[in-house]
>>> print(open('coords_31.txt').read())   # compact mmCIF, C-alpha atoms
# COMPACT_ATOMS: atom_id res chain seq x y z
CA MET A 1 21.99 4.30 29.91
CA GLN A 2 20.23 5.97 27.06
CA ASP A 3 22.06 7.37 24.08
CA SER A 4 20.98 10.96 24.49
CA LYS A 5 22.22 11.93 21.02
CA ALA A 6 19.93 9.41 19.34
CA THR A 7 17.06 10.45 21.59
CA VAL A 8 17.38 14.04 20.53
CA GLU A 9 17.68 13.30 16.83
CA THR A 10 14.79 10.86 16.42
CA PRO A 11 11.30 12.25 17.01
CA ASP A 12 9.23 10.00 19.27
CA TRP A 13 6.57 9.50 16.62
CA LEU A 14 9.13 7.74 14.41
CA ASP A 15 9.94 5.30 17.21
CA GLU A 16 6.36 4.03 17.16
CA ILE A 17 6.74 2.65 13.67
CA ARG A 18 7.55 -1.01 13.16
CA TRP A 19 10.17 -0.98 10.41
CA ASN A 20 10.82 -4.21 8.54
CA ALA A 21 14.13 -6.11 8.63
CA ASP A 22 15.52 -3.66 6.06
CA GLY A 23 14.44 -0.65 8.12
CA LEU A 24 11.63 0.22 5.70
CA VAL A 25 7.84 0.53 5.60
CA PRO A 26 5.49 0.75 2.61
CA ALA A 27 4.04 4.20 1.98
CA ILE A 28 0.85 4.63 -0.04
CA ALA A 29 0.27 7.97 -1.77
CA GLN A 30 -3.37 8.96 -2.23
CA ASP A 31 -4.69 12.03 -4.03
CA ALA A 32 -6.22 14.08 -1.21
CA THR A 33 -8.90 15.54 -3.48
CA THR A 34 -10.02 12.66 -5.70
CA GLY A 35 -9.13 9.75 -3.40
CA ASP A 36 -7.26 8.03 -6.25
CA ILE A 37 -4.39 5.83 -5.14
CA LEU A 38 -1.37 7.17 -6.97
CA MET A 39 1.49 4.84 -6.05
CA MET A 40 3.17 2.83 -3.34
CA ALA A 41 6.85 3.19 -2.51
CA TRP A 42 9.10 2.61 0.50
CA MET A 43 10.38 4.81 3.29
CA ASN A 44 13.09 4.56 5.88
CA ALA A 45 13.08 6.65 9.05
CA GLU A 46 15.06 9.48 7.48
CA SER A 47 12.79 9.75 4.45
CA LEU A 48 9.68 9.82 6.62
CA ARG A 49 11.18 12.45 8.91
CA LEU A 50 12.10 14.58 5.90
CA THR A 51 8.63 14.08 4.41
CA ALA A 52 7.12 15.53 7.58
CA GLU A 53 9.68 18.33 7.87
CA GLU A 54 9.65 19.41 4.22
CA GLY A 55 5.95 18.82 3.55
CA GLN A 56 6.76 16.90 0.39
CA ALA A 57 7.04 13.16 -0.19
CA VAL A 58 10.55 11.76 0.21
CA TYR A 59 10.91 8.03 -0.37
CA TRP A 60 13.76 5.54 -0.12
CA SER A 61 14.75 4.06 -3.46
CA ARG A 62 15.59 0.43 -2.87
CA SER A 63 17.19 -0.01 -6.29
CA ARG A 64 19.31 3.13 -6.07
CA GLY A 65 19.95 2.82 -2.35
CA LYS A 66 19.33 6.48 -1.63
CA LEU A 67 16.74 9.07 -0.69
CA TRP A 68 14.37 9.92 -3.51
CA ARG A 69 12.59 13.25 -3.43
CA LYS A 70 9.51 12.56 -5.52
CA GLY A 71 9.43 15.01 -8.41
CA GLU A 72 13.13 15.90 -8.29
CA THR A 73 13.43 15.22 -12.03
CA SER A 74 9.86 15.52 -13.27
CA GLY A 75 8.67 18.41 -11.12
CA HIS A 76 5.78 16.18 -10.08
CA GLN A 77 6.19 16.67 -6.34
CA GLN A 78 3.67 15.37 -3.84
CA VAL A 79 2.70 18.05 -1.34
CA ILE A 80 1.69 16.49 1.97
CA GLU A 81 -1.77 17.16 3.37
CA GLU A 82 -1.88 14.30 5.88
CA ILE A 83 0.40 11.53 7.13
CA ARG A 84 -1.42 8.52 8.55
CA LEU A 85 -0.34 5.29 10.24
CA ASP A 86 -2.17 1.98 10.28
CA CYS A 87 -3.24 -0.14 13.24
CA ASP A 88 -0.16 -2.36 13.01
CA GLU A 89 2.20 0.63 12.83
CA ASP A 90 3.85 -0.78 9.73
CA VAL A 91 2.22 1.04 6.80
CA ILE A 92 2.16 4.79 6.06
CA LEU A 93 -0.57 6.58 4.11
CA LEU A 94 0.17 9.97 2.58
CA LYS A 95 -2.67 12.19 1.43
CA VAL A 96 -1.11 14.47 -1.13
CA GLU A 97 -1.60 17.14 -3.71
CA GLN A 98 -0.02 15.62 -6.83
CA LYS A 99 1.77 18.36 -8.78
CA GLY A 100 1.25 18.06 -12.53
CA GLY A 101 -1.48 15.48 -12.00
CA ILE A 102 0.98 12.70 -12.85
CA ALA A 103 2.48 10.27 -10.32
CA CYS A 104 3.66 7.46 -12.61
CA HIS A 105 6.92 7.35 -14.57
CA THR A 106 4.84 6.12 -17.55
CA GLY A 107 3.20 9.56 -17.69
CA ARG A 108 -0.06 8.33 -16.22
CA ARG A 109 -1.91 9.83 -13.30
CA SER A 110 -1.60 6.69 -11.18
CA CYS A 111 0.78 3.73 -11.22
CA PHE A 112 -2.23 1.40 -10.91
CA TYR A 113 -3.33 1.70 -14.53
CA ARG A 114 -3.75 -2.01 -15.25
CA ARG A 115 -6.89 -3.93 -14.36
CA LEU A 116 -7.45 -7.68 -14.40
CA GLU A 117 -9.99 -8.38 -17.16
CA ASN A 118 -10.76 -11.86 -18.46
CA GLY A 119 -7.49 -13.28 -17.22
CA LYS A 120 -5.28 -10.49 -18.57
CA TRP A 121 -3.83 -7.23 -17.22
CA ALA A 122 -5.48 -4.58 -19.38
CA GLY A 123 -4.19 -1.00 -19.43
CA VAL A 124 -7.28 1.08 -18.71
CA ASP A 125 -5.95 4.57 -17.90
CA PRO A 126 -4.50 6.95 -20.48
CA VAL A 127 -1.01 8.39 -20.70
CA VAL A 128 -1.42 12.06 -19.75
CA ARG A 129 2.01 13.12 -20.98
CA ASP A 130 4.75 11.35 -22.94
CA PRO A 131 7.47 10.26 -20.45
CA ASP A 132 10.16 11.45 -22.88
CA ALA A 133 8.69 14.93 -22.59
CA ILE A 134 8.76 14.64 -18.81
CA TYR A 135 12.16 13.11 -18.25
CA GLY A 136 14.13 13.53 -21.48
CA ASN A 137 17.10 11.20 -21.14
CA LYS A 138 17.02 11.25 -17.35
CA GLN A 139 15.93 8.35 -15.23
CA GLY A 140 12.29 8.47 -14.26
CA ASP A 141 11.68 9.46 -10.66
CA SER A 142 8.32 7.82 -10.21
CA SER A 143 7.80 4.46 -8.60
CA ASN A 144 10.10 2.92 -11.20
CA GLU A 145 12.65 2.53 -8.46
CA MET B 1 11.40 -28.68 -21.01
CA GLN B 2 8.51 -26.92 -19.38
CA ASP B 3 6.70 -28.31 -16.42
CA SER B 4 3.30 -28.65 -18.05
CA LYS B 5 1.56 -29.27 -14.73
CA ALA B 6 2.72 -25.93 -13.31
CA THR B 7 1.86 -24.21 -16.58
CA VAL B 8 -1.69 -25.46 -16.40
CA GLU B 9 -2.18 -24.58 -12.75
CA THR B 10 -0.80 -21.05 -12.75
CA PRO B 11 -2.73 -18.47 -14.77
CA ASP B 12 -0.45 -16.38 -16.99
CA TRP B 13 -1.51 -13.15 -15.29
CA LEU B 14 -0.02 -14.37 -12.02
CA ASP B 15 3.33 -14.95 -13.74
CA GLU B 16 3.58 -11.27 -14.56
CA ILE B 17 3.78 -10.30 -10.90
CA ARG B 18 7.16 -9.67 -9.29
CA TRP B 19 6.88 -11.41 -5.93
CA ASN B 20 9.37 -10.47 -3.24
CA ALA B 21 11.95 -12.86 -1.78
CA ASP B 22 9.23 -14.35 0.43
CA GLY B 23 6.89 -14.86 -2.54
CA LEU B 24 4.60 -12.02 -1.44
CA VAL B 25 3.33 -8.66 -2.68
CA PRO B 26 1.56 -5.88 -0.76
CA ALA B 27 -2.16 -5.58 -1.48
CA ILE B 28 -4.00 -2.33 -0.78
CA ALA B 29 -7.76 -2.51 -0.20
CA GLN B 30 -9.73 0.58 -1.21
CA ASP B 31 -13.44 1.17 -0.74
CA ALA B 32 -14.77 1.20 -4.31
CA THR B 33 -17.52 3.67 -3.45
CA THR B 34 -15.92 6.20 -1.11
CA GLY B 35 -12.28 5.83 -2.22
CA ASP B 36 -11.18 5.39 1.40
CA ILE B 37 -8.10 3.26 1.86
CA LEU B 38 -9.15 0.49 4.20
CA MET B 39 -6.01 -1.54 4.86
CA MET B 40 -2.86 -3.05 3.43
CA ALA B 41 -2.00 -6.71 3.78
CA TRP B 42 0.08 -9.29 1.91
CA MET B 43 -0.70 -11.86 -0.75
CA ASN B 44 1.09 -14.86 -2.16
CA ALA B 45 0.22 -16.31 -5.57
CA GLU B 46 -2.38 -18.69 -4.16
CA SER B 47 -4.19 -16.01 -2.20
CA LEU B 48 -4.33 -13.71 -5.23
CA ARG B 49 -5.58 -16.52 -7.45
CA LEU B 50 -8.29 -17.35 -4.89
CA THR B 51 -9.19 -13.67 -4.56
CA ALA B 52 -9.85 -13.53 -8.30
CA GLU B 53 -11.67 -16.88 -8.40
CA GLU B 54 -13.85 -16.35 -5.34
CA GLY B 55 -14.46 -12.64 -5.78
CA GLN B 56 -13.54 -11.96 -2.17
CA ALA B 57 -10.26 -10.81 -0.67
CA VAL B 58 -7.99 -13.63 0.47
CA TYR B 59 -4.67 -12.56 2.00
CA TRP B 60 -1.62 -14.37 3.30
CA SER B 61 -1.13 -13.97 7.03
CA ARG B 62 2.59 -13.65 7.64
CA SER B 63 2.26 -14.14 11.40
CA ARG B 64 0.02 -17.19 11.15
CA GLY B 65 1.67 -18.56 8.01
CA LYS B 66 -1.58 -19.41 6.29
CA LEU B 67 -4.28 -18.14 3.96
CA TRP B 68 -6.57 -15.61 5.56
CA ARG B 69 -10.02 -15.12 4.11
CA LYS B 70 -10.85 -11.58 5.16
CA GLY B 71 -14.06 -11.65 7.20
CA GLU B 72 -13.89 -15.35 8.09
CA THR B 73 -14.43 -14.51 11.76
CA SER B 74 -16.00 -11.06 11.64
CA GLY B 75 -18.22 -11.45 8.60
CA HIS B 76 -16.58 -8.31 7.24
CA GLN B 77 -15.70 -9.75 3.84
CA GLN B 78 -14.32 -7.62 1.05
CA VAL B 79 -16.19 -8.23 -2.21
CA ILE B 80 -13.94 -7.59 -5.19
CA GLU B 81 -14.95 -4.99 -7.76
CA GLU B 82 -11.55 -4.53 -9.42
CA ILE B 83 -8.06 -5.96 -9.14
CA ARG B 84 -5.30 -3.62 -10.32
CA LEU B 85 -1.53 -3.92 -10.73
CA ASP B 86 1.03 -1.14 -10.59
CA CYS B 87 3.67 -0.17 -13.15
CA ASP B 88 6.40 -2.17 -11.39
CA GLU B 89 4.19 -5.28 -11.16
CA ASP B 90 4.88 -5.56 -7.45
CA VAL B 91 1.86 -4.00 -5.72
CA ILE B 92 -1.82 -5.03 -5.97
CA LEU B 93 -4.78 -2.68 -5.52
CA LEU B 94 -8.18 -4.13 -4.68
CA LYS B 95 -11.29 -2.03 -5.09
CA VAL B 96 -13.81 -3.61 -2.79
CA GLU B 97 -17.22 -3.45 -1.23
CA GLN B 98 -16.46 -3.62 2.50
CA LYS B 99 -19.14 -5.69 4.21
CA GLY B 100 -20.25 -4.24 7.54
CA GLY B 101 -18.40 -1.02 6.78
CA ILE B 102 -15.52 -2.12 9.02
CA ALA B 103 -12.11 -3.26 7.79
CA CYS B 104 -10.01 -2.84 10.93
CA HIS B 105 -9.74 -5.28 13.83
CA THR B 106 -10.12 -2.28 16.16
CA GLY B 107 -13.70 -1.92 14.93
CA ARG B 108 -12.93 1.12 12.80
CA ARG B 109 -13.81 1.60 9.18
CA SER B 110 -10.16 1.87 8.08
CA CYS B 111 -6.89 0.72 9.60
CA PHE B 112 -5.41 4.17 8.89
CA TYR B 113 -7.16 5.92 11.76
CA ARG B 114 -4.12 7.74 13.17
CA ARG B 115 -2.87 11.03 11.80
CA LEU B 116 0.38 12.82 12.54
CA GLU B 117 -0.52 16.02 14.40
CA ASN B 118 2.03 18.21 16.15
CA GLY B 119 4.55 15.40 16.42
CA LYS B 120 2.11 12.79 17.73
CA TRP B 121 -0.03 10.06 16.20
CA ALA B 122 -3.57 11.16 16.99
CA GLY B 123 -6.53 8.80 16.61
CA VAL B 124 -8.97 10.74 14.44
CA ASP B 125 -11.53 8.14 13.30
CA PRO B 126 -14.18 6.65 15.58
CA VAL B 127 -14.69 3.02 16.59
CA VAL B 128 -17.81 1.94 14.71
CA ARG B 129 -18.32 -1.25 16.70
CA ASP B 130 -16.66 -2.68 19.80
CA PRO B 131 -14.18 -5.38 18.69
CA ASP B 132 -15.39 -7.65 21.51
CA ALA B 133 -18.82 -7.56 19.93
CA ILE B 134 -17.31 -8.43 16.56
CA TYR B 135 -14.89 -11.16 17.55
CA GLY B 136 -15.85 -12.31 21.03
CA ASN B 137 -12.86 -14.30 22.25
CA LYS B 138 -11.68 -15.17 18.76
CA GLN B 139 -8.61 -13.71 17.18
CA GLY B 140 -9.30 -10.65 15.07
CA ASP B 141 -9.19 -11.28 11.32
CA SER B 142 -8.38 -7.78 10.20
CA SER B 143 -4.93 -6.55 9.37
CA ASN B 144 -3.82 -7.50 12.88
CA GLU B 145 -1.86 -10.30 11.32
>>> encode(input="coords_31.txt", output="structure tokens")
Amino acid sequence: MQDSKATVETPDWLDEIRWNADGLVPAIAQDATTGDILMMAWMNAESLRLTAEEGQAVYWSRSRGKLWRKGETSGHQQVIEEIRLDCDEDVILLKVEQKGGIACHTGRRSCFYRRLENGKWAGVDPVVRDPDAIYGNKQGDSSNE
Amino acid sequence: MQDSKATVETPDWLDEIRWNADGLVPAIAQDATTGDILMMAWMNAESLRLTAEEGQAVYWSRSRGKLWRKGETSGHQQVIEEIRLDCDEDVILLKVEQKGGIACHTGRRSCFYRRLENGKWAGVDPVVRDPDAIYGNKQGDSSNE
């Protein structure tokens, strides 16, 4: 017999996703306008459902063990334009409008600001805004999870 | 005392990466020209070192438990233009030239060809080439790991 309660609560499209052993999948956030990859974080079923319902990125913080509404401290929300799924059904791609133009807790546009150059990781993208000015004494809400 | 052999064999830049419990990190492949996200797969230290040395994407196939030179069957290699690291040192971004214009084992340009529309995953990107024509009877070498 089916558990009708669970059937009602979980949209079918969530059932198609192959969650890992921890019930999570990686979610890549891409700037819908520029194509820049902003960050990668993790989602559980609830965070992905809320992302779709609210139209803003909601991740699962592995370190804090709780839902993490991107931008809840910084104001740098990610407004959803598209949610995509890969061929293996185990990676999510979000195309977003990045509020404030800053995704990274370091105050940079993207978390991928280091490039391998001559055997070293070189920081190649500028800090747009001082993180202290963004967060004050609060914990950063970017991918520093 | 340090193990001098290991010190010699492992480039310092690899030591900065925070591998997961399985010794892996996610690696996102992005088309360097169009900005399209092509796929996400996994890398261990050896595959990332080889990627940098050979200038072509080498992943770690979790299902096959071995190195996976992208394009070894299909010819659809990914030539490396940049290797980037995120702020948490646990995700790799590859900017690549995608040979053949096809990254996905389904014969599509990108593995992220499904979009959430009205509560369903809708295929929105076309098959560029029939997978049977790409792989014949061989196992696909795309992200169908």
>>> closest_residue(input="coords_31.txt", among="A:Val91, A:Leu67, A:Val96, A:Ala45", to="chain B", atoms="only C-alpha atoms")
A:Val91
>>> interface_residues(input="coords_31.txt", of="chain A", to="chain B", cutoff="7 Å", atoms="all atoms listed in the file", output="JSON, numbers by chain")
{"A": [13, 35, 36, 82, 83, 84, 85, 86, 87, 88, 111, 112, 113, 114, 115, 116, 119, 120, 121, 144]}
>>> closest_residue(input="coords_31.txt", among="A:Gln98, A:Asn20, A:Thr33, A:Ser47", to="Ser74 of chain A", atoms="only C-alpha atoms")
A:Gln98
>>> calpha_fit_and_write(input="coords_31.txt", fixed="chain A", moving="chain B", output="CSV table (one decimal) with C-alpha atoms, in the frame of the given file")
chain,number,residue,atom,x,y,z
B,1,MET,CA,22.1,4.3,29.8
B,2,GLN,CA,20.3,6.0,26.9
B,3,ASP,CA,22.1,7.4,24.0
B,4,SER,CA,21.0,11.0,24.4
B,5,LYS,CA,22.2,12.0,21.0
B,6,ALA,CA,19.9,9.5,19.3
B,7,THR,CA,17.1,10.4,21.6
B,8,VAL,CA,17.4,14.1,20.5
B,9,GLU,CA,17.6,13.3,16.8
B,10,THR,CA,14.8,10.9,16.4
B,11,PRO,CA,11.3,12.3,17.0
B,12,ASP,CA,9.2,10.0,19.3
B,13,TRP,CA,6.6,9.5,16.6
B,14,LEU,CA,9.1,7.7,14.4
B,15,ASP,CA,9.9,5.3,17.2
B,16,GLU,CA,6.4,4.0,17.2
B,17,ILE,CA,6.7,2.6,13.7
B,18,ARG,CA,7.5,-1.0,13.2
B,19,TRP,CA,10.2,-1.0,10.4
B,20,ASN,CA,10.8,-4.2,8.5
B,21,ALA,CA,14.1,-6.1,8.6
B,22,ASP,CA,15.5,-3.7,6.1
B,23,GLY,CA,14.4,-0.6,8.1
B,24,LEU,CA,11.6,0.2,5.7
B,25,VAL,CA,7.8,0.5,5.6
B,26,PRO,CA,5.5,0.7,2.6
B,27,ALA,CA,4.0,4.2,2.0
B,28,ILE,CA,0.9,4.6,0.0
B,29,ALA,CA,0.3,8.0,-1.8
B,30,GLN,CA,-3.4,9.0,-2.2
B,31,ASP,CA,-4.7,12.0,-4.0
B,32,ALA,CA,-6.2,14.1,-1.2
B,33,THR,CA,-8.9,15.5,-3.5
B,34,THR,CA,-10.0,12.7,-5.7
B,35,GLY,CA,-9.1,9.7,-3.4
B,36,ASP,CA,-7.3,8.0,-6.2
B,37,ILE,CA,-4.4,5.8,-5.1
B,38,LEU,CA,-1.4,7.2,-7.0
B,39,MET,CA,1.5,4.8,-6.0
B,40,MET,CA,3.2,2.8,-3.3
B,41,ALA,CA,6.8,3.2,-2.5
B,42,TRP,CA,9.1,2.6,0.5
B,43,MET,CA,10.4,4.8,3.3
B,44,ASN,CA,13.1,4.5,5.9
B,45,ALA,CA,13.1,6.6,9.1
B,46,GLU,CA,15.0,9.5,7.5
B,47,SER,CA,12.8,9.7,4.5
B,48,LEU,CA,9.7,9.8,6.6
B,49,ARG,CA,11.2,12.4,8.9
B,50,LEU,CA,12.1,14.6,5.9
B,51,THR,CA,8.6,14.1,4.4
B,52,ALA,CA,7.1,15.5,7.6
B,53,GLU,CA,9.7,18.3,7.9
B,54,GLU,CA,9.6,19.4,4.2
B,55,GLY,CA,6.0,18.8,3.6
B,56,GLN,CA,6.8,16.9,0.4
B,57,ALA,CA,7.0,13.2,-0.2
B,58,VAL,CA,10.6,11.8,0.2
B,59,TYR,CA,10.9,8.0,-0.4
B,60,TRP,CA,13.8,5.5,-0.1
B,61,SER,CA,14.7,4.1,-3.5
B,62,ARG,CA,15.6,0.4,-2.9
B,63,SER,CA,17.2,0.0,-6.3
B,64,ARG,CA,19.3,3.1,-6.1
B,65,GLY,CA,19.9,2.8,-2.3
B,66,LYS,CA,19.3,6.5,-1.6
B,67,LEU,CA,16.7,9.1,-0.7
B,68,TRP,CA,14.4,9.9,-3.5
B,69,ARG,CA,12.6,13.2,-3.4
B,70,LYS,CA,9.5,12.6,-5.5
B,71,GLY,CA,9.4,15.0,-8.4
B,72,GLU,CA,13.1,15.9,-8.3
B,73,THR,CA,13.4,15.2,-12.0
B,74,SER,CA,9.9,15.5,-13.2
B,75,GLY,CA,8.7,18.4,-11.1
B,76,HIS,CA,5.8,16.2,-10.1
B,77,GLN,CA,6.2,16.7,-6.3
B,78,GLN,CA,3.7,15.4,-3.8
B,79,VAL,CA,2.7,18.0,-1.3
B,80,ILE,CA,1.7,16.5,2.0
B,81,GLU,CA,-1.8,17.2,3.4
B,82,GLU,CA,-1.9,14.3,5.9
B,83,ILE,CA,0.4,11.5,7.1
B,84,ARG,CA,-1.4,8.5,8.6
B,85,LEU,CA,-0.3,5.3,10.2
B,86,ASP,CA,-2.2,2.0,10.3
B,87,CYS,CA,-3.3,-0.1,13.3
B,88,ASP,CA,-0.2,-2.4,13.0
B,89,GLU,CA,2.2,0.6,12.8
B,90,ASP,CA,3.8,-0.8,9.7
B,91,VAL,CA,2.2,1.0,6.8
B,92,ILE,CA,2.2,4.8,6.1
B,93,LEU,CA,-0.6,6.6,4.1
B,94,LEU,CA,0.2,10.0,2.6
B,95,LYS,CA,-2.7,12.2,1.4
B,96,VAL,CA,-1.1,14.5,-1.1
B,97,GLU,CA,-1.6,17.1,-3.7
B,98,GLN,CA,0.0,15.6,-6.8
B,99,LYS,CA,1.8,18.3,-8.8
B,100,GLY,CA,1.2,18.1,-12.5
B,101,GLY,CA,-1.5,15.5,-12.0
B,102,ILE,CA,1.0,12.7,-12.8
B,103,ALA,CA,2.5,10.3,-10.3
B,104,CYS,CA,3.7,7.5,-12.6
B,105,HIS,CA,6.9,7.3,-14.6
B,106,THR,CA,4.8,6.1,-17.5
B,107,GLY,CA,3.2,9.6,-17.7
B,108,ARG,CA,-0.1,8.3,-16.2
B,109,ARG,CA,-1.9,9.8,-13.3
B,110,SER,CA,-1.6,6.7,-11.2
B,111,CYS,CA,0.8,3.7,-11.2
B,112,PHE,CA,-2.2,1.4,-10.9
B,113,TYR,CA,-3.3,1.7,-14.5
B,114,ARG,CA,-3.8,-2.0,-15.2
B,115,ARG,CA,-6.9,-3.9,-14.4
B,116,LEU,CA,-7.5,-7.7,-14.4
B,117,GLU,CA,-10.0,-8.4,-17.2
B,118,ASN,CA,-10.8,-11.9,-18.4
B,119,GLY,CA,-7.5,-13.3,-17.2
B,120,LYS,CA,-5.3,-10.5,-18.6
B,121,TRP,CA,-3.8,-7.2,-17.2
B,122,ALA,CA,-5.5,-4.6,-19.4
B,123,GLY,CA,-4.2,-1.0,-19.4
B,124,VAL,CA,-7.3,1.1,-18.7
B,125,ASP,CA,-5.9,4.6,-17.9
B,126,PRO,CA,-4.5,6.9,-20.5
B,127,VAL,CA,-1.0,8.4,-20.7
B,128,VAL,CA,-1.4,12.0,-19.8
B,129,ARG,CA,2.0,13.1,-21.0
B,130,ASP,CA,4.8,11.3,-22.9
B,131,PRO,CA,7.5,10.3,-20.4
B,132,ASP,CA,10.2,11.5,-22.9
B,133,ALA,CA,8.7,14.9,-22.6
B,134,ILE,CA,8.8,14.6,-18.8
B,135,TYR,CA,12.2,13.1,-18.3
B,136,GLY,CA,14.1,13.6,-21.5
B,137,ASN,CA,17.1,11.2,-21.1
B,138,LYS,CA,17.0,11.3,-17.3
B,139,GLN,CA,16.0,8.4,-15.2
B,140,GLY,CA,12.3,8.5,-14.3
B,141,ASP,CA,11.7,9.5,-10.7
B,142,SER,CA,8.3,7.8,-10.2
B,143,SER,CA,7.8,4.5,-8.6
B,144,ASN,CA,10.1,2.9,-11.2
B,145,GLU,CA,12.6,2.5,-8.5
>>> atom_distance(input="coords_31.txt", atom1="atom CA of Glu72 of chain A", atom2="atom CA of Arg18 of chain B")
26.3 Å
>>> atom_distance(input="coords_31.txt", atom1="atom CA of Ser63 of chain A", atom2="atom CA of Ala21 of chain B")
14.6 Å
>>> atom_distance(input="coords_31.txt", atom1="atom CA of Ile102 of chain A", atom2="atom CA of Trp19 of chain B")
25.8 Å
>>> closest_residue(input="coords_31.txt", among="B:Lys99, B:Asp15, B:Thr10, B:Tyr135", to="Thr73 of chain B", atoms="only C-alpha atoms")
B:Tyr135
>>> residues_near_point(input="coords_31.txt", point="(-5.0, -12.7, 5.1)", cutoff="6 Å", atoms="only C-alpha atoms", output="list in words")
Val58, Tyr59, Trp60, Ser61, Leu67, Trp68, Arg69 and Lys70 of chain B
>>> write_last_selection(input="coords_31.txt", atoms="C-alpha atoms", output="compact mmCIF listing (two decimals), in the frame of the given file")
# COMPACT_ATOMS: atom_id res chain seq x y z
CA VAL B 58 -7.99 -13.63 0.47
CA TYR B 59 -4.67 -12.56 2.00
CA TRP B 60 -1.62 -14.37 3.30
CA SER B 61 -1.13 -13.97 7.03
CA LEU B 67 -4.28 -18.14 3.96
CA TRP B 68 -6.57 -15.61 5.56
CA ARG B 69 -10.02 -15.12 4.11
CA LYS B 70 -10.85 -11.58 5.16
>>> closest_residue(input="coords_31.txt", among="B:Val127, B:Ala32, B:Ile17, B:Val79", to="Asn44 of chain B", atoms="only C-alpha atoms")
B:Ile17
>>> closest_residue(input="coords_31.txt", among="A:Glu46, A:Gly65, A:Gly55, A:His76", to="Gly101 of chain A", atoms="all atoms listed in the file")
A:His76
>>> build_atoms(input="coords_31.txt", residues="segment 121-132 of chain A", atoms="N, CA, C and O atoms", output="CSV table (one decimal), keeping the file's coordinate frame")
chain,number,residue,atom,x,y,z
A,121,TRP,N,-4.0,-8.6,-17.8
A,121,TRP,CA,-3.8,-7.2,-17.2
A,121,TRP,C,-4.0,-6.2,-18.4
A,121,TRP,O,-3.2,-6.2,-19.3
A,122,ALA,N,-5.1,-5.5,-18.3
A,122,ALA,CA,-5.5,-4.6,-19.4
A,122,ALA,C,-5.2,-3.2,-18.9
A,122,ALA,O,-5.6,-2.7,-17.8
A,123,GLY,N,-4.4,-2.4,-19.7
A,123,GLY,CA,-4.2,-1.0,-19.4
A,123,GLY,C,-5.5,-0.2,-19.6
A,123,GLY,O,-6.1,-0.3,-20.7
A,124,VAL,N,-6.0,0.4,-18.6
A,124,VAL,CA,-7.3,1.1,-18.7
A,124,VAL,C,-7.2,2.6,-18.5
A,124,VAL,O,-8.2,3.3,-18.6
A,125,ASP,N,-6.1,3.1,-18.1
A,125,ASP,CA,-6.0,4.6,-17.9
A,125,ASP,C,-5.0,5.2,-18.9
A,125,ASP,O,-4.0,4.6,-19.3
A,126,PRO,N,-5.3,6.4,-19.4
A,126,PRO,CA,-4.5,7.0,-20.5
A,126,PRO,C,-3.2,7.5,-20.0
A,126,PRO,O,-3.0,7.9,-18.8
A,127,VAL,N,-2.2,7.6,-20.9
A,127,VAL,CA,-1.0,8.4,-20.7
A,127,VAL,C,-1.4,9.9,-20.8
A,127,VAL,O,-1.9,10.3,-21.8
A,128,VAL,N,-1.1,10.6,-19.8
A,128,VAL,CA,-1.4,12.1,-19.8
A,128,VAL,C,-0.4,12.8,-20.5
A,128,VAL,O,-0.7,13.8,-21.2
A,129,ARG,N,0.9,12.4,-20.3
A,129,ARG,CA,2.0,13.1,-21.0
A,129,ARG,C,3.1,12.1,-21.3
A,129,ARG,O,3.4,11.2,-20.5
A,130,ASP,N,3.7,12.2,-22.5
A,130,ASP,CA,4.8,11.4,-22.9
A,130,ASP,C,5.9,11.4,-21.9
A,130,ASP,O,6.4,12.5,-21.7
A,131,PRO,N,6.4,10.2,-21.4
A,131,PRO,CA,7.5,10.3,-20.4
A,131,PRO,C,8.7,10.9,-21.0
A,131,PRO,O,9.5,11.5,-20.2
A,132,ASP,N,9.0,10.8,-22.3
A,132,ASP,CA,10.2,11.4,-22.9
A,132,ASP,C,10.1,13.0,-22.7
A,132,ASP,O,11.1,13.6,-22.5
